[in-house]
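Input: a single structure, listed below in structure tokens.
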Amino acid sequence: MGPAPWRLDLLIHPARQGELEVPLLNYFVRHAALRYRGVLSEHPSDDLVAGAAFRQVGFRAERAQLHMRRTFSPA
């Protein structure tokens, strides 16, 4: 079955969004490929800039998840 994929969390400062996603993803993917490893990332689907960068470097979505949260304030 091969080695387990490397996990990737892509966090970009808002001031640098649209600038760093593709270079960072390319760097990570290159190093994973040298070790014959896949790459797995869980990323919000509403981050359109990062989603485009993931697709540009060859990622594809396998499933979409929706997480819902509710916070409560102290009374």
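Ligands are numbered from 1 in the order shown, residues from 1 within each chain, and chains are lettered A, B, ... in the order they appear in the structure tokens.
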I want to know what sits within 8 Å of segment 13-24 of chain A, based on only C-alpha atoms, with residues of the same chain fewer than 5 positions away left out; could you give that as a PyMOL selection string?
chain A and resi 49-50+53-54+56-57
Prev. selection, N, CA and C atoms, output as a PDB file, in the first residue's frame:
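Output contents, as saved in result.pdb:
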ATOM      1  N   VAL A  49      -8.706  31.427  -2.789  1.00  0.00           N
ATOM      2  CA  VAL A  49      -7.322  31.645  -3.248  1.00  0.00           C
ATOM      3  C   VAL A  49      -6.500  30.386  -3.022  1.00  0.00           C
ATOM      4  N   ALA A  50      -6.569  29.840  -1.826  1.00  0.00           N
ATOM      5  CA  ALA A  50      -5.804  28.622  -1.534  1.00  0.00           C
ATOM      6  C   ALA A  50      -6.337  27.441  -2.335  1.00  0.00           C
ATOM      7  N   ALA A  53      -4.830  27.540  -5.624  1.00  0.00           N
ATOM      8  CA  ALA A  53      -3.408  27.179  -5.557  1.00  0.00           C
ATOM      9  C   ALA A  53      -3.250  25.663  -5.426  1.00  0.00           C
ATOM     10  N   PHE A  54      -4.072  25.026  -4.589  1.00  0.00           N
ATOM     11  CA  PHE A  54      -4.017  23.567  -4.473  1.00  0.00           C
ATOM     12  C   PHE A  54      -4.278  22.907  -5.823  1.00  0.00           C
ATOM     13  N   GLN A  56      -3.839  24.217  -8.757  1.00  0.00           N
ATOM     14  CA  GLN A  56      -2.759  24.569  -9.686  1.00  0.00           C
ATOM     15  C   GLN A  56      -1.572  23.625  -9.562  1.00  0.00           C
ATOM     16  N   VAL A  57      -1.305  23.147  -8.352  1.00  0.00           N
ATOM     17  CA  VAL A  57      -0.155  22.245  -8.171  1.00  0.00           C
ATOM     18  C   VAL A  57      -0.561  20.769  -8.201  1.00  0.00           C
TER      19      VAL A  57
END
Could you name the residues that touch segment 42-48 of chain A at 8 Å or less, counting only C-alpha atoms, but leaving out those on the same chain fewer than 2 positions away, as a PyMOL selection string?
chain A and resi 8-10+40+50-52+64
Could you find all residues in chain A that DSSP calls alpha helix (DSSP H) from the backbone, and write them as a tab-separated table (two decimals) with N, CA and C atoms, in the first residue's frame?
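Below you can see out15.tsv, which holds the result:
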chain	number	residue	atom	x	y	z
A	21	GLU	N	0.94	31.00	-1.53
A	21	GLU	CA	0.35	29.66	-1.55
A	21	GLU	C	1.05	28.72	-2.53
A	22	VAL	N	1.15	29.14	-3.78
A	22	VAL	CA	1.73	28.26	-4.80
A	22	VAL	C	3.21	27.95	-4.51
A	23	PRO	N	4.06	28.92	-4.16
A	23	PRO	CA	5.46	28.56	-3.86
A	23	PRO	C	5.58	27.60	-2.67
A	24	LEU	N	4.80	27.81	-1.62
A	24	LEU	CA	4.88	26.91	-0.47
A	24	LEU	C	4.38	25.51	-0.81
A	25	LEU	N	3.28	25.43	-1.55
A	25	LEU	CA	2.77	24.12	-1.95
A	25	LEU	C	3.76	23.40	-2.85
A	26	ASN	N	4.36	24.12	-3.80
A	26	ASN	CA	5.36	23.50	-4.68
A	26	ASN	C	6.53	22.95	-3.89
A	27	TYR	N	7.01	23.71	-2.92
A	27	TYR	CA	8.13	23.27	-2.08
A	27	TYR	C	7.76	21.99	-1.34
A	28	PHE	N	6.60	21.97	-0.73
A	28	PHE	CA	6.18	20.81	0.05
A	28	PHE	C	5.98	19.59	-0.84
A	29	VAL	N	5.33	19.78	-1.98
A	29	VAL	CA	5.06	18.67	-2.89
A	29	VAL	C	6.36	18.10	-3.45
A	30	ARG	N	7.31	18.96	-3.80
A	30	ARG	CA	8.61	18.48	-4.30
A	30	ARG	C	9.29	17.57	-3.30
A	31	HIS	N	9.30	17.98	-2.02
A	31	HIS	CA	9.96	17.17	-1.00
A	31	HIS	C	9.21	15.87	-0.74
A	32	ALA	N	7.90	15.89	-0.79
A	32	ALA	CA	7.12	14.67	-0.62
A	32	ALA	C	7.38	13.71	-1.78
A	33	ALA	N	7.45	14.24	-3.00
A	33	ALA	CA	7.66	13.41	-4.18
A	33	ALA	C	9.03	12.73	-4.15
A	34	LEU	N	10.04	13.43	-3.64
A	34	LEU	CA	11.38	12.83	-3.54
A	34	LEU	C	11.39	11.61	-2.63
A	48	LEU	N	-10.99	30.56	-1.41
A	48	LEU	CA	-10.91	30.40	-2.85
A	48	LEU	C	-9.49	30.54	-3.39
A	49	VAL	N	-8.71	31.43	-2.79
A	49	VAL	CA	-7.32	31.64	-3.25
A	49	VAL	C	-6.50	30.39	-3.02
A	50	ALA	N	-6.57	29.84	-1.83
A	50	ALA	CA	-5.80	28.62	-1.53
A	50	ALA	C	-6.34	27.44	-2.34
A	51	GLY	N	-7.65	27.36	-2.49
A	51	GLY	CA	-8.23	26.28	-3.29
A	51	GLY	C	-7.70	26.28	-4.71
A	52	ALA	N	-7.60	27.46	-5.29
A	52	ALA	CA	-7.04	27.58	-6.65
A	52	ALA	C	-5.57	27.17	-6.67
A	53	ALA	N	-4.83	27.54	-5.62
A	53	ALA	CA	-3.41	27.18	-5.56
A	53	ALA	C	-3.25	25.66	-5.43
A	54	PHE	N	-4.07	25.03	-4.59
A	54	PHE	CA	-4.02	23.57	-4.47
A	54	PHE	C	-4.28	22.91	-5.82
A	55	ARG	N	-5.30	23.37	-6.54
A	55	ARG	CA	-5.60	22.79	-7.85
A	55	ARG	C	-4.46	23.05	-8.84
A	56	GLN	N	-3.84	24.22	-8.76
A	56	GLN	CA	-2.76	24.57	-9.69
A	56	GLN	C	-1.57	23.63	-9.56
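Atom CA of Ala61 of chain A lies 12.2 Å from atom CA of Val39 of chain A.
Between atom CA of Leu11 of chain A and atom CA of His67 of chain A there is a distance of 18.6 Å.
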Using DSSP on the backbone coordinates, identify all residues within chain A classified as strand (DSSP E); present the result as a PDB file with C-alpha atoms, in the first residue's frame.
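Writing done, so here's selection.pdb:
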ATOM      1  CA  TRP A   6       2.309  13.607   4.660  1.00  0.00           C
ATOM      2  CA  ARG A   7      -0.263  15.946   6.180  1.00  0.00           C
ATOM      3  CA  LEU A   8      -0.209  19.619   5.253  1.00  0.00           C
ATOM      4  CA  VAL A  39       0.178  14.719   0.505  1.00  0.00           C
ATOM      5  CA  LEU A  40      -3.107  15.099   2.364  1.00  0.00           C
ATOM      6  CA  SER A  41      -4.588  18.418   3.419  1.00  0.00           C
TER       7      SER A  41
END
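In this structure, atom CA of Gly2 of chain A sits 9.4 Å away from atom CA of Gly38 of chain A.
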